[in-house]
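S.K.: Handing you a structure now.
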Amino acid sequence: MSGSAPRVGAAIIGPGNIGTDLMYKILTKSLYLDLRMMAGIVRSEGIARAEREGIETTTAGIGPILEDDDIKLVFDATGARSHLRHAPLLEDAAKVAIDLTPAAVGPFTVPAVNLADLYEAPNLNLVTCGGQATVPIVYAVARAAGARYAEIVSCIASKSAGPGTRQNIDEFTQTTAKAICTVGGAKRGKAIIILNPAEPSLVMTDTIYVDVETPDREAIEASIEAMVQRVQEYVPGYRLRVPPLVDGHKVTVIVEVEGAGDFLPKYSGNLDIMTSAAMRVGDELARRMRTREK
Amino acid sequence: MTASRVHLVDTTLRDGSHAVSHSYSPEQVRAIAAGLERARIEYVEVSHGDGLAGSSFNYGFSAFPEEELLAAASSELRAAKLTVLLLPGIGTQEDLSMAAHYGAKVARIATHVTEADIGEQHIGLARSLDMLACGVLMMTHMVPAEKVAEQAALLESYGAELVYLMDSAGAMLPGDVTTRVAAVRGALSIPVGFHAHNNLGMAIGNTLAAVEAGASFVDGCCRGLGAGAGNAQTEVLVAALDRAGHETGIDLYAIMDVAEGVVEPIMHRPQVIGNTPLMLGYAGVYSSFLLHSYRAAEKFGLDPRDVVMELGRRQMVGGQEDMIIDVAYQIAREKRGDGAHAELTPRESAA
């Protein structure tokens, strides 16, 4: 229960859309985190929103976070280049970094799959939105049937693809493909991203194809069903759209991710799954820190 | 009408690869490339139908590695320039570098008509590799001319030396082509190209309309091969452009000979406007969806025309072949009422 020990101090760097959505999630849904600071580099709408919520803010970047000993967990929602600079500073200050950027300093972390292996990691990277949505399914299929090859197609609404994603789209495909193998357990992986400008905006959809070793339909269905439930624990809008179609050794699954609408619009499932995964990681780590201190 | 020089890109070995389910062998590529070279085609495009690295479950696996196909084409081309297509989000800069290594001289970087900014890095890389950097907007029927011009201007600002408009769904009529090409010509200082599909029987007519409106680069495929109902038929286009007073520099007899003697024997089916390709044009759906729609409709016991109409209603864009399965699944579920999954599972093949 959450009342017996104090909550664990946390901070967010990067008060953009993602950082702001994460702030609202922590404020309304977290069991173990105490959001103590929102850090930016300019006075922005995100900083103003944090102030309105009574959160301490700074426009001096990471400095004030490093100096606050009560902050144990730091969510980095800036960009890859900034995180490369922040990562060693946070490690020196003995603060765990939960990295929402593509910097990938720490190991890829997909809460439903491998968080339990990473409790001691000083820096955890959240892969990509497509990775958060598809790696659990790849893993579920791989553990049930063996995955010789997995391929994913992630489609997100144009409006929810920020300039970072757009100017560096190869980073998405390459990072996601890597995580499909290292975390998902596929021997080879490929990732494709599509931006769709339809109005009204479409929710994020993700298709997962797996070339399996043993096409045991029942085992695959049961494994996926269990995994979808596991992801739903922290991403309520995560749903199976097309249950596994088994055609020879080819398994096809389609999921959709609707956002919770905490701050970002509901179609931005791609952003919601990142902030939801980040909060899950933060809450889990905080829960364990509290237990250890007792 | 003013007579002008028109440059022709033959894409039998790229868009045409959809029609043969990406099964070209290095020998076939060599034979076609050699024929195109003999006919004095200026640009020969070789890639998976969905661009470099398109080989996948989603778009169909290539029968041979792309490197081998590019090398095969390179070995036959002298004056003609090897051209490749890359769709950011599918292929990466690494793939473009690979193509350059195998002799590609022209990079066509293609995005959906509203998403030009995802191609900035790739255009930059093409320039730094000394390739002719061509920005391509796909599905240009989906937005008004001003929006097309705005996105084309972005491509120019990224360093594109040429901008192409694709009627990827074969959904445009000549007037639609004229307004879009004219708008882009008016907004840009670089040459404009046009790529047609024949789903509404407009490929040659639309291409001529584009040239009349100021396009100086056009695409064709021998025997009209290509996604959906195919592209503008290269040998017909050469003859029609000549009759319209435009110089292409292409040997008409020689290109006809390649089409009949080399390409036709390789074709899996005659390239005609069947009912489903017609529906692609009518509903404004990406032409590459054709064979995937047939397969999904067959698996779920549906009329492929219904699948195509629904894809159009949902405003699906290029590359979303996976959504064909989704649409077929959802339609089948509606038709069968409660949607018990077991009943919907498609027939298993022994593959």
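For the structure tokens, the naming scheme is as follows: chains receive sequential letters (A, B, ...) according to their order of presentation, residues are indexed from 1 within each chain, and ligands are indexed from 1 in presentation order.
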Do me a favour and pick out the residues of chain B within 10 Å of chain A, using only C-alpha atoms, as a ChimeraX atom specification.
M.R.: /B:53-54,56-58,87-94,111-122,314-323,325-327,329-330,341-342,344-351
S.K.: Kindly save the residues from that selection, with C-alpha atoms included, as a short mmCIF file (atom, residue, chain, number, x, y, z; two decimals), in the first residue's frame.
M.R.:
data_model
loop_
_atom_site.label_atom_id
_atom_site.label_comp_id
_atom_site.auth_asym_id
_atom_site.auth_seq_id
_atom_site.Cartn_x
_atom_site.Cartn_y
_atom_site.Cartn_z
CA ALA B 53 14.26 -2.43 -48.72
CA GLY B 54 10.59 -2.91 -49.56
CA SER B 56 8.87 -7.70 -46.56
CA PHE B 57 5.80 -9.58 -45.40
CA ASN B 58 3.88 -6.31 -45.78
CA LEU B 87 10.28 5.69 -49.28
CA PRO B 88 11.48 7.10 -45.94
CA GLY B 89 9.85 4.99 -43.22
CA ILE B 90 10.45 1.85 -45.29
CA GLY B 91 13.99 2.25 -46.64
CA THR B 92 16.77 4.09 -44.84
CA GLN B 93 19.84 6.15 -45.68
CA GLU B 94 21.87 2.97 -45.39
CA THR B 111 6.71 10.62 -49.33
CA HIS B 112 2.97 10.94 -48.99
CA VAL B 113 1.89 14.27 -50.47
CA THR B 114 1.48 15.94 -47.06
CA GLU B 115 4.61 14.51 -45.41
CA ALA B 116 7.52 15.93 -47.45
CA ASP B 117 9.52 16.72 -44.32
CA ILE B 118 10.31 13.08 -43.58
CA GLY B 119 12.49 13.03 -46.70
CA GLU B 120 14.82 15.89 -45.84
CA GLN B 121 17.72 13.73 -44.61
CA HIS B 122 17.50 11.35 -47.55
CA ARG B 314 -10.63 5.27 -44.45
CA GLN B 315 -8.14 7.47 -46.37
CA MET B 316 -5.37 4.92 -46.27
CA VAL B 317 -2.06 6.07 -47.75
CA GLY B 318 0.82 4.40 -49.55
CA GLY B 319 2.56 1.69 -47.57
CA GLN B 320 -0.48 0.70 -45.51
CA GLU B 321 -0.85 -2.72 -47.09
CA ASP B 322 -1.35 -4.16 -43.60
CA MET B 323 -4.64 -2.30 -43.33
CA ILE B 325 -6.02 -7.34 -43.77
CA ASP B 326 -7.60 -5.16 -41.12
CA VAL B 327 -10.36 -3.98 -43.46
CA TYR B 329 -11.19 -8.82 -41.25
CA GLN B 330 -13.55 -6.09 -40.05
CA HIS B 341 -12.77 -15.32 -34.31
CA ALA B 342 -12.59 -19.02 -35.13
CA LEU B 344 -12.93 -15.73 -39.40
CA THR B 345 -9.62 -17.43 -39.41
CA PRO B 346 -8.60 -17.67 -43.03
CA ARG B 347 -7.96 -20.98 -44.72
CA GLU B 348 -4.56 -22.20 -43.76
CA SER B 349 -2.17 -22.86 -46.56
CA ALA B 350 0.56 -25.43 -46.35
CA ALA B 351 3.29 -22.85 -46.96
#
S.K.: Let's see if you can do this: from backbone DSSP, list all alpha helix (DSSP H) residues in stretch 146-335 of chain B, as a count of residues only.
M.R.: 98
S.K.: Considering only strand (DSSP E) as DSSP defines it on the backbone, what residues of stretch 46-225 of chain A qualify? List them as a PDB file with C-alpha atoms, in the first residue's frame.
M.R.:
ATOM      1  CA  GLU A  56       8.465  23.446  -8.695  1.00  0.00           C
ATOM      2  CA  THR A  57       9.891  24.530 -12.056  1.00  0.00           C
ATOM      3  CA  THR A  58      13.209  25.709 -13.401  1.00  0.00           C
ATOM      4  CA  ILE A  71      14.995  13.489  -6.552  1.00  0.00           C
ATOM      5  CA  LYS A  72      15.818   9.839  -7.207  1.00  0.00           C
ATOM      6  CA  LEU A  73      14.219   9.275 -10.605  1.00  0.00           C
ATOM      7  CA  VAL A  74      14.509  11.553 -13.610  1.00  0.00           C
ATOM      8  CA  PHE A  75      12.393  11.276 -16.745  1.00  0.00           C
ATOM      9  CA  ASP A  76      14.160  12.739 -19.763  1.00  0.00           C
ATOM     10  CA  VAL A  96      18.096   6.759 -12.196  1.00  0.00           C
ATOM     11  CA  ALA A  97      17.359   8.012 -15.716  1.00  0.00           C
ATOM     12  CA  ILE A  98      14.203   6.976 -17.539  1.00  0.00           C
ATOM     13  CA  ASP A  99      14.952   8.000 -21.086  1.00  0.00           C
ATOM     14  CA  ASN A 123      19.553   4.312 -17.158  1.00  0.00           C
ATOM     15  CA  LEU A 124      16.560   2.751 -18.931  1.00  0.00           C
ATOM     16  CA  ASN A 125      15.631   3.583 -22.506  1.00  0.00           C
ATOM     17  CA  ALA A 147      10.375 -16.249 -34.089  1.00  0.00           C
ATOM     18  CA  ARG A 148      12.713 -16.659 -37.052  1.00  0.00           C
ATOM     19  CA  TYR A 149      11.796 -13.184 -38.301  1.00  0.00           C
ATOM     20  CA  ALA A 150       9.469 -10.450 -37.099  1.00  0.00           C
ATOM     21  CA  GLU A 151       8.315  -7.383 -38.963  1.00  0.00           C
ATOM     22  CA  ILE A 152       6.166  -4.542 -37.725  1.00  0.00           C
ATOM     23  CA  VAL A 153       4.278  -1.732 -39.442  1.00  0.00           C
ATOM     24  CA  SER A 154       3.443   1.193 -37.215  1.00  0.00           C
ATOM     25  CA  CYS A 155       0.975   3.783 -38.432  1.00  0.00           C
ATOM     26  CA  ILE A 156       0.590   7.023 -36.543  1.00  0.00           C
ATOM     27  CA  ALA A 157      -1.495  10.113 -37.170  1.00  0.00           C
ATOM     28  CA  GLY A 189      13.660  -7.899 -37.396  1.00  0.00           C
ATOM     29  CA  LYS A 190      12.320  -5.161 -39.638  1.00  0.00           C
ATOM     30  CA  ALA A 191      10.278  -2.080 -38.830  1.00  0.00           C
ATOM     31  CA  ILE A 192       8.253   0.235 -41.054  1.00  0.00           C
ATOM     32  CA  ILE A 193       6.606   3.516 -40.066  1.00  0.00           C
ATOM     33  CA  ILE A 194       3.773   5.244 -41.899  1.00  0.00           C
ATOM     34  CA  LEU A 195       2.359   8.696 -41.191  1.00  0.00           C
ATOM     35  CA  ASN A 196      -1.303   9.054 -42.116  1.00  0.00           C
ATOM     36  CA  MET A 204      -2.227   4.395 -33.808  1.00  0.00           C
ATOM     37  CA  THR A 205      -2.321   0.950 -35.392  1.00  0.00           C
ATOM     38  CA  ASP A 206       0.486  -1.574 -35.357  1.00  0.00           C
ATOM     39  CA  THR A 207       0.721  -4.721 -37.408  1.00  0.00           C
ATOM     40  CA  ILE A 208       3.037  -7.486 -36.316  1.00  0.00           C
ATOM     41  CA  TYR A 209       4.061 -10.272 -38.695  1.00  0.00           C
ATOM     42  CA  VAL A 210       6.103 -13.167 -37.368  1.00  0.00           C
ATOM     43  CA  ASP A 211       7.655 -16.090 -39.216  1.00  0.00           C
ATOM     44  CA  VAL A 212       7.351 -18.769 -36.534  1.00  0.00           C
TER      45      VAL A 212
END
S.K.: Near B:Val258, within 10 Å and counting only C-alpha atoms, which residues show up once chain neighbours fewer than 3 positions away are dropped, as number ranges by chain?
M.R.: B: 31-39, 222-223, 235, 253-255, 261-264
S.K.: Could you give me, as an NGL selection string, the residues within 12 Å of B:Ser189, counting only C-alpha atoms and dropping anything in the same chain fewer than 5 positions from it?
M.R.: :B and (149 or 152-153 or 155-157 or 159-163 or 183-184 or 214)
S.K.: Based on the selection just made, write N, CA and C atoms of those residues as a short mmCIF file (atom, residue, chain, number, x, y, z; two decimals), in the first residue's frame.
M.R.:
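Result file follows (again_28.cif):
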data_model
loop_
_atom_site.label_atom_id
_atom_site.label_comp_id
_atom_site.auth_asym_id
_atom_site.auth_seq_id
_atom_site.Cartn_x
_atom_site.Cartn_y
_atom_site.Cartn_z
N ALA B 149 1.78 22.21 -54.11
CA ALA B 149 2.85 23.18 -54.38
C ALA B 149 3.63 23.51 -53.11
N ALA B 152 5.88 20.57 -52.40
CA ALA B 152 6.94 20.51 -53.41
C ALA B 152 8.00 21.55 -53.11
N ALA B 153 7.56 22.73 -52.64
CA ALA B 153 8.52 23.79 -52.31
C ALA B 153 9.42 23.34 -51.15
N LEU B 155 10.39 20.26 -50.63
CA LEU B 155 11.38 19.35 -51.22
C LEU B 155 12.51 20.15 -51.88
N GLU B 156 12.11 21.21 -52.60
CA GLU B 156 13.13 22.05 -53.24
C GLU B 156 14.05 22.66 -52.18
N SER B 157 13.45 23.10 -51.05
CA SER B 157 14.26 23.74 -50.01
C SER B 157 15.24 22.75 -49.37
N GLY B 159 16.89 20.63 -51.06
CA GLY B 159 17.95 20.36 -52.01
C GLY B 159 17.55 19.49 -53.19
N ALA B 160 16.27 19.16 -53.30
CA ALA B 160 15.83 18.37 -54.46
C ALA B 160 16.10 19.17 -55.73
N GLU B 161 16.59 18.44 -56.77
CA GLU B 161 16.90 19.10 -58.04
C GLU B 161 15.79 18.90 -59.05
N LEU B 162 14.77 18.18 -58.62
CA LEU B 162 13.68 17.79 -59.49
C LEU B 162 12.56 17.32 -58.58
N VAL B 163 11.34 17.67 -58.91
CA VAL B 163 10.22 17.22 -58.07
C VAL B 163 9.21 16.48 -58.92
N ALA B 183 0.55 24.47 -60.75
CA ALA B 183 0.79 25.11 -59.45
C ALA B 183 2.22 24.88 -59.00
N VAL B 184 2.72 23.66 -59.20
CA VAL B 184 4.09 23.36 -58.76
C VAL B 184 5.09 24.09 -59.65
N GLY B 214 3.73 21.73 -68.36
CA GLY B 214 5.10 22.13 -68.04
C GLY B 214 5.97 21.06 -67.42
#
S.K.: Would you mind listing what lies within 12 Å of A:Ala116 as a PyMOL selection string, with only C-alpha atoms counted and same-chain residues fewer than 3 positions away left out?
M.R.: chain A and resi 109-113+119-121+124+280-281+284-285+288
S.K.: To one decimal in Å, tell me the separation between atom CA of B:Met256 and atom CA of B:Ala239.
M.R.: 9.8 Å
S.K.: Would you kindly return, as a list in words, each protein, DNA or RNA residue with an atom no farther than 10 Å from any atom of B:Asp306, considering only C-alpha atoms and excluding same-chain residues fewer than 2 positions away?
M.R.: Thr276, Met279, Ser293, Ala297, Leu302, Asp303, Pro304, Val308, Met309, Glu310, Leu311, Gly312, Val327, Ala328 and Ile331 of chain B
S.K.: Can you pull out the residues contacting B:Gly51? Cut-off 10 Å, using only C-alpha atoms, and skip same-chain residues under 2 positions away; I want them as a CSV table (one decimal) with C-alpha atoms, in the first residue's frame.
M.R.:
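What follows is the written file around11.csv:
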chain,number,residue,atom,x,y,z
B,14,ARG,CA,10.5,-0.9,-60.1
B,15,ASP,CA,6.8,-0.1,-60.4
B,46,VAL,CA,15.4,-0.5,-60.4
B,47,SER,CA,14.0,-1.2,-56.9
B,48,HIS,CA,11.5,-3.2,-55.0
B,49,GLY,CA,8.0,-1.9,-56.0
B,53,ALA,CA,14.3,-2.4,-48.7
B,54,GLY,CA,10.6,-2.9,-49.6
B,55,SER,CA,11.1,-6.7,-49.5
B,84,VAL,CA,16.3,4.0,-57.4
B,85,LEU,CA,13.2,4.8,-55.4
B,86,LEU,CA,13.3,5.2,-51.6
B,87,LEU,CA,10.3,5.7,-49.3
B,88,PRO,CA,11.5,7.1,-45.9
B,90,ILE,CA,10.4,1.9,-45.3
B,91,GLY,CA,14.0,2.3,-46.6
B,95,ASP,CA,19.9,1.5,-48.3
B,108,ARG,CA,13.9,9.4,-56.0
B,109,ILE,CA,12.8,10.1,-52.4
B,110,ALA,CA,9.1,9.6,-52.1
S.K.: Quote the spacing between atom CA of A:Asp68 and atom CA of A:Gly14 in Å to one decimal place.
M.R.: 17.1 Å
S.K.: Report the distance between atom CA of A:Gly9 and atom CA of A:Arg49 in Å, rounded to one decimal place.
M.R.: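 Atom CA of A:Arg49 lies at a distance of 19.3 Å from atom CA of A:Gly9.
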S.K.: Using only C-alpha atoms, find the one residue out of B:Met267, B:Ala227, B:Ile273, B:Ile204 that sits nearest to B:His292.
M.R.: B:Ala227
